[in-house]
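Before any comments, here is the structure.
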Amino acid sequence: MAGESSFVERAPAPALAAVASLVWIQQVGDRPLAQRLVPHGGGELRCVLGEAPRLLGPLTTATYHDIPAGGTVIGVRLRPGVLGGLAGMPADELTDQDVAGTDLWRDLNRLTDLLGDAATPQAALGHLQAFAARSARVRDPLVDEAVRHLMPWRGGGPAALPALLSISERQLRRRCRAAAGVGVKELHRILRLQGFIARVQASVDRQDEADVDLARWAIETGYTDQAHLGRECRRLVGVTPGVLLAQTGAACACGHDHAASYRPMLRQGDGRFVLERRPVPA
């Protein structure tokens, strides 16, 4: 129906899979939208069509992004640890920053023209993905390994990483900040919360109210208890877990498939969902 908003997210193109976790197209209806952005450990390359692309650095707390009525936004969500190489500068200089892409990439004017001339949002997203794939530089393999161990489905924490990676805590913190924009402990807190948010999204998608168990989800995600989850959720998102669950359910009434964002945060090494304990669908 005309005037309605839509949001479609999916896995990135194969050439971008090592750099990005998902891509999306968002079309806003007749009213402007203030969209809440929650920390996820990476940056975002996003563009309101008709404007130049912008780079959103790693967030340490939730913020809001204003989208005009009738606007179409395309975006690429970068994996944690990728931003420093993509931007060509220490990622911690971009933390909590919303930067014009023209300040970072000299060839962005050509990309802006390509996006503006694209016949469809899907075609524009293809151009944005190709640009991100071309711009990605060599990543820090040590930080990549640290990120893998900090994923919520691994159950690890930052304390064991220096010995595991044969590096001092100070050097690990420095390299993590340069590649990911935040230190190891902060990244662990963000990824742990994303594990909880993934459980919320999976539950909403199944529309199974009987499955909601905040205390169990807190323990499974790596929190000490539900109170610990509550403190971290308020710190990073600004609301309690219960409010976040209710708001997610209301926002997800659009009916789109959210699996592209939550599936990686729930996957174990054996290819199962942590929550559902069943094989991941193809």
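Ordering of the structure tokens sets the chain letters (A, B, ...), residue numbers begin anew at 1 in every chain, and ligands are numbered from 1 in the order given.
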Just the residues within 7 Å of segment 73-80 of chain A, please, counting only C-alpha atoms, with nothing from its chain fewer than 4 positions along; format it as a PyMOL selection string.
chain A and resi 19-27+41-49+125+147+180
For the residues selected in the previous step, produce a file with all heavy atoms as a compact mmCIF listing (two decimals), in the first residue's frame.
```txt
# COMPACT_ATOMS: atom_id res chain seq x y z
N VAL A 19 33.48 -9.24 4.79
CA VAL A 19 33.56 -7.86 5.30
C VAL A 19 32.27 -7.44 5.98
O VAL A 19 32.29 -6.71 6.97
CB VAL A 19 33.89 -6.89 4.14
CG1 VAL A 19 33.86 -5.45 4.61
CG2 VAL A 19 35.24 -7.24 3.53
N ALA A 20 31.13 -7.88 5.46
CA ALA A 20 29.82 -7.42 5.94
C ALA A 20 29.00 -8.59 6.45
O ALA A 20 29.12 -9.72 5.97
CB ALA A 20 29.07 -6.71 4.82
N SER A 21 28.15 -8.31 7.44
CA SER A 21 27.27 -9.34 7.99
C SER A 21 25.90 -9.32 7.34
O SER A 21 25.24 -10.35 7.26
CB SER A 21 27.14 -9.17 9.50
OG SER A 21 26.64 -7.88 9.83
N LEU A 22 25.45 -8.15 6.88
CA LEU A 22 24.16 -8.06 6.19
C LEU A 22 24.09 -6.76 5.41
O LEU A 22 24.86 -5.83 5.63
CB LEU A 22 22.99 -8.18 7.17
CG LEU A 22 22.79 -7.10 8.25
CD1 LEU A 22 21.93 -5.96 7.72
CD2 LEU A 22 22.13 -7.69 9.47
N VAL A 23 23.12 -6.69 4.51
CA VAL A 23 22.82 -5.47 3.75
C VAL A 23 21.31 -5.25 3.82
O VAL A 23 20.55 -6.18 4.12
CB VAL A 23 23.29 -5.58 2.28
CG1 VAL A 23 24.79 -5.76 2.21
CG2 VAL A 23 22.58 -6.73 1.56
N TRP A 24 20.88 -4.02 3.55
CA TRP A 24 19.45 -3.76 3.66
C TRP A 24 18.99 -2.64 2.74
O TRP A 24 19.79 -1.83 2.27
CB TRP A 24 19.07 -3.43 5.10
CG TRP A 24 19.43 -2.04 5.55
CD1 TRP A 24 18.68 -0.90 5.43
CD2 TRP A 24 20.65 -1.62 6.16
NE1 TRP A 24 19.34 0.18 5.94
CE2 TRP A 24 20.56 -0.23 6.39
CE3 TRP A 24 21.82 -2.30 6.54
CZ2 TRP A 24 21.59 0.49 6.99
CZ3 TRP A 24 22.84 -1.58 7.13
CH2 TRP A 24 22.71 -0.20 7.34
N ILE A 25 17.67 -2.64 2.52
CA ILE A 25 16.97 -1.55 1.83
C ILE A 25 15.79 -1.16 2.70
O ILE A 25 14.97 -2.00 3.06
CB ILE A 25 16.48 -1.96 0.44
CG1 ILE A 25 17.64 -2.34 -0.47
CG2 ILE A 25 15.65 -0.84 -0.21
CD1 ILE A 25 17.20 -2.93 -1.80
N GLN A 26 15.70 0.11 3.04
CA GLN A 26 14.61 0.61 3.87
C GLN A 26 13.91 1.73 3.14
O GLN A 26 14.55 2.68 2.68
CB GLN A 26 15.15 1.11 5.21
CG GLN A 26 14.08 1.61 6.16
CD GLN A 26 14.66 1.99 7.51
OE1 GLN A 26 15.86 2.17 7.65
NE2 GLN A 26 13.80 2.10 8.51
N GLN A 27 12.61 1.61 3.02
CA GLN A 27 11.80 2.64 2.37
C GLN A 27 10.81 3.18 3.38
O GLN A 27 10.04 2.44 3.99
CB GLN A 27 11.10 2.07 1.14
CG GLN A 27 12.11 1.65 0.06
CD GLN A 27 11.46 1.05 -1.17
OE1 GLN A 27 10.75 0.05 -1.09
NE2 GLN A 27 11.71 1.65 -2.33
N GLY A 41 28.93 -3.73 17.23
CA GLY A 41 30.34 -4.07 17.15
C GLY A 41 31.03 -3.68 15.87
O GLY A 41 32.26 -3.70 15.81
N GLY A 42 30.29 -3.34 14.85
CA GLY A 42 30.87 -2.93 13.58
C GLY A 42 30.41 -1.55 13.17
O GLY A 42 29.68 -0.88 13.91
N GLY A 43 30.82 -1.11 12.01
CA GLY A 43 30.33 0.15 11.46
C GLY A 43 29.27 -0.10 10.41
O GLY A 43 28.91 -1.25 10.12
N GLU A 44 28.76 0.96 9.83
CA GLU A 44 27.76 0.85 8.77
C GLU A 44 28.04 1.86 7.68
O GLU A 44 28.31 3.05 7.96
CB GLU A 44 26.35 1.09 9.32
CG GLU A 44 25.86 -0.01 10.25
CD GLU A 44 24.43 0.17 10.70
OE1 GLU A 44 23.81 1.21 10.37
OE2 GLU A 44 23.92 -0.72 11.38
N LEU A 45 28.01 1.41 6.46
CA LEU A 45 28.06 2.27 5.29
C LEU A 45 26.63 2.40 4.80
O LEU A 45 26.01 1.41 4.41
CB LEU A 45 28.96 1.66 4.22
CG LEU A 45 29.22 2.47 2.95
CD1 LEU A 45 29.90 3.80 3.29
CD2 LEU A 45 30.08 1.67 1.98
N ARG A 46 26.07 3.62 4.87
CA ARG A 46 24.64 3.78 4.59
C ARG A 46 24.43 5.03 3.74
O ARG A 46 25.21 5.97 3.76
CB ARG A 46 23.83 3.85 5.88
CG ARG A 46 24.33 4.84 6.89
CD ARG A 46 23.74 4.58 8.27
NE ARG A 46 22.30 4.66 8.27
CZ ARG A 46 21.50 3.82 8.92
NH1 ARG A 46 22.00 2.83 9.61
NH2 ARG A 46 20.20 3.96 8.88
N CYS A 47 23.34 5.02 2.98
CA CYS A 47 23.08 6.14 2.08
C CYS A 47 21.59 6.35 1.93
O CYS A 47 20.84 5.40 1.61
CB CYS A 47 23.70 5.85 0.71
SG CYS A 47 23.39 7.15 -0.52
N VAL A 48 21.14 7.57 2.19
CA VAL A 48 19.80 7.99 1.79
C VAL A 48 19.90 8.34 0.31
O VAL A 48 20.65 9.25 -0.07
CB VAL A 48 19.31 9.20 2.60
CG1 VAL A 48 17.94 9.65 2.12
CG2 VAL A 48 19.28 8.86 4.09
N LEU A 49 19.20 7.61 -0.54
CA LEU A 49 19.34 7.82 -1.98
C LEU A 49 19.02 9.27 -2.34
O LEU A 49 18.02 9.82 -1.90
CB LEU A 49 18.45 6.85 -2.75
CG LEU A 49 18.84 5.37 -2.64
CD1 LEU A 49 17.95 4.50 -3.52
CD2 LEU A 49 20.31 5.15 -2.99
N LEU A 125 21.96 -0.71 -4.25
CA LEU A 125 22.61 -1.50 -3.22
C LEU A 125 23.75 -2.34 -3.80
O LEU A 125 24.79 -2.52 -3.17
CB LEU A 125 21.58 -2.41 -2.52
CG LEU A 125 22.12 -3.30 -1.40
CD1 LEU A 125 22.75 -2.46 -0.30
CD2 LEU A 125 21.01 -4.17 -0.83
N VAL A 147 37.65 -11.61 17.66
CA VAL A 147 36.21 -11.45 17.44
C VAL A 147 35.52 -12.82 17.42
O VAL A 147 34.45 -13.00 18.01
CB VAL A 147 35.93 -10.69 16.14
CG1 VAL A 147 34.45 -10.72 15.78
CG2 VAL A 147 36.40 -9.24 16.26
N ALA A 180 38.69 -2.33 15.27
CA ALA A 180 37.25 -2.40 15.55
C ALA A 180 36.66 -1.12 16.12
O ALA A 180 35.44 -0.95 16.11
CB ALA A 180 36.96 -3.56 16.50
```
Step one, run DSSP on the backbone; step two, keep only residues of segment 42-269 of chain A assigned to alpha helix (DSSP H); then write them as a PyMOL selection string.
chain A and resi 83-87+108-117+121-135+141-150+161-165+169-180+184-206+214-221+226-236+241-251+259-266
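With distances restricted to only C-alpha atoms, A:Pro53 is the closest residue to Gly116 of chain A from A:Gly222, A:Pro162, A:Pro12, A:Pro53.
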Select, from A:Cys233, A:Gly156, A:Ala69, A:Ser166, the residue with the minimum atom-to-atom distance to Leu142 of chain A, counting only C-alpha atoms.
A:Ser166
Which residues are near Ala34 of chain A? Cut-off 10 Å, only C-alpha atoms, ignore same chain within fewer than 6 positions. Put them as a VMD selection string.
chain A and resid 63 to 68
Go ahead and save the residues from that selection, with all heavy atoms, as a compact mmCIF listing (two decimals), in the first residue's frame.
```txt
# COMPACT_ATOMS: atom_id res chain seq x y z
N THR A 63 21.72 5.23 19.50
CA THR A 63 21.48 6.58 19.00
C THR A 63 20.33 6.51 18.00
O THR A 63 19.80 5.43 17.73
CB THR A 63 22.75 7.15 18.32
OG1 THR A 63 22.53 8.52 18.00
CG2 THR A 63 23.09 6.39 17.06
N TYR A 64 19.94 7.65 17.46
CA TYR A 64 18.82 7.70 16.52
C TYR A 64 19.26 8.33 15.21
O TYR A 64 20.07 9.25 15.18
CB TYR A 64 17.64 8.48 17.11
CG TYR A 64 16.90 7.71 18.17
CD1 TYR A 64 17.35 7.72 19.49
CD2 TYR A 64 15.79 6.93 17.86
CE1 TYR A 64 16.68 6.99 20.47
CE2 TYR A 64 15.13 6.20 18.83
CZ TYR A 64 15.57 6.24 20.13
OH TYR A 64 14.93 5.50 21.10
N HIS A 65 18.73 7.79 14.13
CA HIS A 65 19.03 8.28 12.78
C HIS A 65 17.73 8.74 12.15
O HIS A 65 16.77 7.98 12.05
CB HIS A 65 19.64 7.14 11.95
CG HIS A 65 19.94 7.52 10.53
ND1 HIS A 65 20.94 8.39 10.18
CD2 HIS A 65 19.35 7.13 9.36
CE1 HIS A 65 20.97 8.51 8.87
NE2 HIS A 65 20.02 7.77 8.36
N ASP A 66 17.67 10.01 11.76
CA ASP A 66 16.46 10.57 11.16
C ASP A 66 16.43 10.28 9.66
O ASP A 66 17.38 10.58 8.94
CB ASP A 66 16.40 12.08 11.39
CG ASP A 66 16.24 12.43 12.85
OD1 ASP A 66 15.55 11.68 13.57
OD2 ASP A 66 16.82 13.45 13.29
N ILE A 67 15.31 9.72 9.20
CA ILE A 67 15.12 9.43 7.78
C ILE A 67 13.91 10.22 7.29
O ILE A 67 12.84 10.17 7.90
CB ILE A 67 14.87 7.92 7.55
CG1 ILE A 67 15.99 7.10 8.21
CG2 ILE A 67 14.79 7.61 6.06
CD1 ILE A 67 15.74 5.61 8.15
N PRO A 68 14.05 10.99 6.23
CA PRO A 68 12.93 11.84 5.78
C PRO A 68 11.78 11.01 5.23
O PRO A 68 11.95 9.87 4.77
CB PRO A 68 13.58 12.69 4.67
CG PRO A 68 14.72 11.86 4.17
CD PRO A 68 15.24 11.13 5.37
```
Residues within 12 Å of Val243 of chain A, please, as an MDAnalysis selection string. Count only C-alpha atoms; anything in the same chain fewer than 4 positions from it doesn't count.
chainID A and resid 197 200 214 230 233:234 237:239 247:250
Next, write the just-selected residues to a file, as a compact mmCIF listing (two decimals), in the first residue's frame, keeping all heavy atoms as the atom set.
```txt
# COMPACT_ATOMS: atom_id res chain seq x y z
N ILE A 197 19.74 -9.90 21.92
CA ILE A 197 18.83 -9.31 20.94
C ILE A 197 18.46 -10.34 19.87
O ILE A 197 17.31 -10.39 19.41
CB ILE A 197 19.45 -8.05 20.32
CG1 ILE A 197 19.56 -6.94 21.36
CG2 ILE A 197 18.63 -7.57 19.12
CD1 ILE A 197 20.29 -5.71 20.88
N VAL A 200 15.75 -12.45 21.16
CA VAL A 200 14.49 -11.70 21.11
C VAL A 200 13.91 -11.75 19.69
O VAL A 200 12.72 -12.05 19.50
CB VAL A 200 14.71 -10.24 21.55
CG1 VAL A 200 13.48 -9.40 21.25
CG2 VAL A 200 15.03 -10.19 23.04
N LEU A 214 13.41 -14.47 29.93
CA LEU A 214 14.53 -13.53 30.01
C LEU A 214 15.64 -14.05 30.91
O LEU A 214 16.82 -13.85 30.62
CB LEU A 214 14.04 -12.17 30.49
CG LEU A 214 13.07 -11.44 29.56
CD1 LEU A 214 12.68 -10.09 30.17
CD2 LEU A 214 13.66 -11.24 28.18
N GLY A 230 19.89 -6.80 32.65
CA GLY A 230 19.14 -5.55 32.73
C GLY A 230 20.05 -4.33 32.77
O GLY A 230 19.80 -3.34 32.09
N CYS A 233 21.70 -3.90 29.30
CA CYS A 233 20.73 -3.49 28.28
C CYS A 233 20.41 -2.00 28.43
O CYS A 233 20.37 -1.27 27.43
CB CYS A 233 19.47 -4.34 28.39
SG CYS A 233 18.32 -4.14 27.00
N ARG A 234 20.23 -1.56 29.67
CA ARG A 234 19.96 -0.13 29.88
C ARG A 234 21.17 0.71 29.49
O ARG A 234 21.02 1.81 28.95
CB ARG A 234 19.57 0.12 31.34
CG ARG A 234 18.18 -0.37 31.71
CD ARG A 234 17.75 0.13 33.08
NE ARG A 234 18.58 -0.44 34.13
CZ ARG A 234 18.31 -1.58 34.76
NH1 ARG A 234 17.24 -2.29 34.42
NH2 ARG A 234 19.10 -2.02 35.72
N VAL A 237 21.45 0.16 25.32
CA VAL A 237 20.26 0.44 24.51
C VAL A 237 19.41 1.56 25.09
O VAL A 237 18.72 2.26 24.37
CB VAL A 237 19.42 -0.85 24.32
CG1 VAL A 237 18.24 -0.59 23.39
CG2 VAL A 237 20.26 -1.99 23.80
N GLY A 238 19.45 1.71 26.41
CA GLY A 238 18.68 2.77 27.05
C GLY A 238 17.34 2.33 27.58
O GLY A 238 16.59 3.16 28.12
N VAL A 239 17.02 1.04 27.45
CA VAL A 239 15.75 0.52 27.96
C VAL A 239 16.01 -0.82 28.64
O VAL A 239 17.07 -1.42 28.47
CB VAL A 239 14.70 0.34 26.83
CG1 VAL A 239 14.37 1.67 26.18
CG2 VAL A 239 15.19 -0.66 25.78
N GLN A 247 9.18 -3.58 22.35
CA GLN A 247 9.41 -2.68 21.23
C GLN A 247 9.80 -3.44 19.98
O GLN A 247 9.39 -3.08 18.87
CB GLN A 247 10.48 -1.66 21.59
CG GLN A 247 10.04 -0.65 22.65
CD GLN A 247 11.15 0.30 23.04
OE1 GLN A 247 12.33 0.05 22.80
NE2 GLN A 247 10.79 1.40 23.68
N THR A 248 10.58 -4.49 20.14
CA THR A 248 10.98 -5.30 18.98
C THR A 248 9.77 -5.97 18.37
O THR A 248 9.61 -6.01 17.15
CB THR A 248 12.02 -6.35 19.39
OG1 THR A 248 13.16 -5.70 19.95
CG2 THR A 248 12.46 -7.18 18.19
N GLY A 249 8.89 -6.50 19.22
CA GLY A 249 7.68 -7.13 18.70
C GLY A 249 6.81 -6.15 17.95
O GLY A 249 6.27 -6.47 16.88
N ALA A 250 6.69 -4.92 18.47
CA ALA A 250 5.87 -3.92 17.79
C ALA A 250 6.50 -3.49 16.48
O ALA A 250 5.82 -3.34 15.45
CB ALA A 250 5.68 -2.70 18.70
```
Leu94 of chain A surroundings by only C-alpha atoms, 8 Å radius, close-in-sequence under 2 positions cut, as a count of residues only:
11
Calculated over only C-alpha atoms, which of the candidates A:Gly85, A:Gly195, A:Gly242, A:Pro39 has the smallest distance to Leu150 of chain A?
A:Gly195
Apply DSSP to the backbone of this structure and, from segment 43-232 of chain A, keep only the residues in strand (DSSP E or B); write these as number ranges by chain.
A: 44-49, 51, 54-56, 63-67, 72-78, 98-100
If you keep N, CA and C atoms, can you produce a file of those selected residues as a compact mmCIF listing (two decimals), in the first residue's frame?
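Output file out_29.txt is given in full below:
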```txt
# COMPACT_ATOMS: atom_id res chain seq x y z
N GLU A 44 28.76 0.96 9.83
CA GLU A 44 27.76 0.85 8.77
C GLU A 44 28.04 1.86 7.68
N LEU A 45 28.01 1.41 6.46
CA LEU A 45 28.06 2.27 5.29
C LEU A 45 26.63 2.40 4.80
N ARG A 46 26.07 3.62 4.87
CA ARG A 46 24.64 3.78 4.59
C ARG A 46 24.43 5.03 3.74
N CYS A 47 23.34 5.02 2.98
CA CYS A 47 23.08 6.14 2.08
C CYS A 47 21.59 6.35 1.93
N VAL A 48 21.14 7.57 2.19
CA VAL A 48 19.80 7.99 1.79
C VAL A 48 19.90 8.34 0.31
N LEU A 49 19.20 7.61 -0.54
CA LEU A 49 19.34 7.82 -1.98
C LEU A 49 19.02 9.27 -2.34
N GLU A 51 21.47 11.45 -1.70
CA GLU A 51 22.52 12.10 -0.92
C GLU A 51 23.80 11.26 -1.04
N ARG A 54 27.31 7.85 3.79
CA ARG A 54 27.94 8.21 5.05
C ARG A 54 28.43 6.94 5.75
N LEU A 55 29.41 7.12 6.61
CA LEU A 55 29.94 6.01 7.39
C LEU A 55 29.61 6.24 8.85
N LEU A 56 28.90 5.29 9.44
CA LEU A 56 28.59 5.34 10.86
C LEU A 56 29.59 4.45 11.58
N THR A 63 21.72 5.23 19.50
CA THR A 63 21.48 6.58 19.00
C THR A 63 20.33 6.51 18.00
N TYR A 64 19.94 7.65 17.46
CA TYR A 64 18.82 7.70 16.52
C TYR A 64 19.26 8.33 15.21
N HIS A 65 18.73 7.79 14.13
CA HIS A 65 19.03 8.28 12.78
C HIS A 65 17.73 8.74 12.15
N ASP A 66 17.67 10.01 11.76
CA ASP A 66 16.46 10.57 11.16
C ASP A 66 16.43 10.28 9.66
N ILE A 67 15.31 9.72 9.20
CA ILE A 67 15.12 9.43 7.78
C ILE A 67 13.91 10.22 7.29
N THR A 72 14.52 6.59 0.86
CA THR A 72 14.98 5.21 0.70
C THR A 72 16.43 5.14 1.17
N VAL A 73 16.68 4.21 2.08
CA VAL A 73 18.02 4.05 2.63
C VAL A 73 18.55 2.68 2.23
N ILE A 74 19.78 2.65 1.74
CA ILE A 74 20.46 1.38 1.51
C ILE A 74 21.66 1.33 2.44
N GLY A 75 22.04 0.14 2.84
CA GLY A 75 23.13 0.07 3.80
C GLY A 75 23.85 -1.25 3.81
N VAL A 76 25.07 -1.20 4.33
CA VAL A 76 25.93 -2.36 4.51
C VAL A 76 26.40 -2.35 5.96
N ARG A 77 26.11 -3.40 6.69
CA ARG A 77 26.58 -3.53 8.07
C ARG A 77 27.91 -4.26 8.07
N LEU A 78 28.95 -3.61 8.55
CA LEU A 78 30.29 -4.18 8.56
C LEU A 78 30.49 -5.09 9.75
N ASP A 98 29.35 9.90 12.94
CA ASP A 98 28.61 9.78 11.67
C ASP A 98 29.33 10.69 10.69
N VAL A 99 30.09 10.10 9.76
CA VAL A 99 31.04 10.84 8.95
C VAL A 99 30.61 10.82 7.48
N ALA A 100 30.72 11.97 6.82
CA ALA A 100 30.47 12.03 5.39
C ALA A 100 31.50 11.18 4.65
```
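Here atom CA of Asp103 of chain A and atom CA of Ala15 of chain A stand 25.0 Å from one another.
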For Asp144 of chain A, which residue out of A:Thr60, A:Asp107, A:Phe131, A:Leu83 is the nearest one, using only C-alpha atoms?
A:Leu83
Using only C-alpha atoms, which residue out of A:Arg216, A:Arg189, A:His127, A:His228 lies closest to Leu111 of chain A?
A:His127
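With only C-alpha atoms as the atoms that count, the residue of A:Arg263, A:Arg139, A:His40, A:Arg110 with the shortest distance to Ala198 of chain A is A:Arg263.
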Could you please determine the separation between atom CA of Thr224 of chain A and atom CA of Val184 of chain A in Å, to one decimal place?
18.8 Å
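One distance worth recording is that between atom CA of Ala118 of chain A and atom CA of Ala132 of chain A, which is 16.9 Å.
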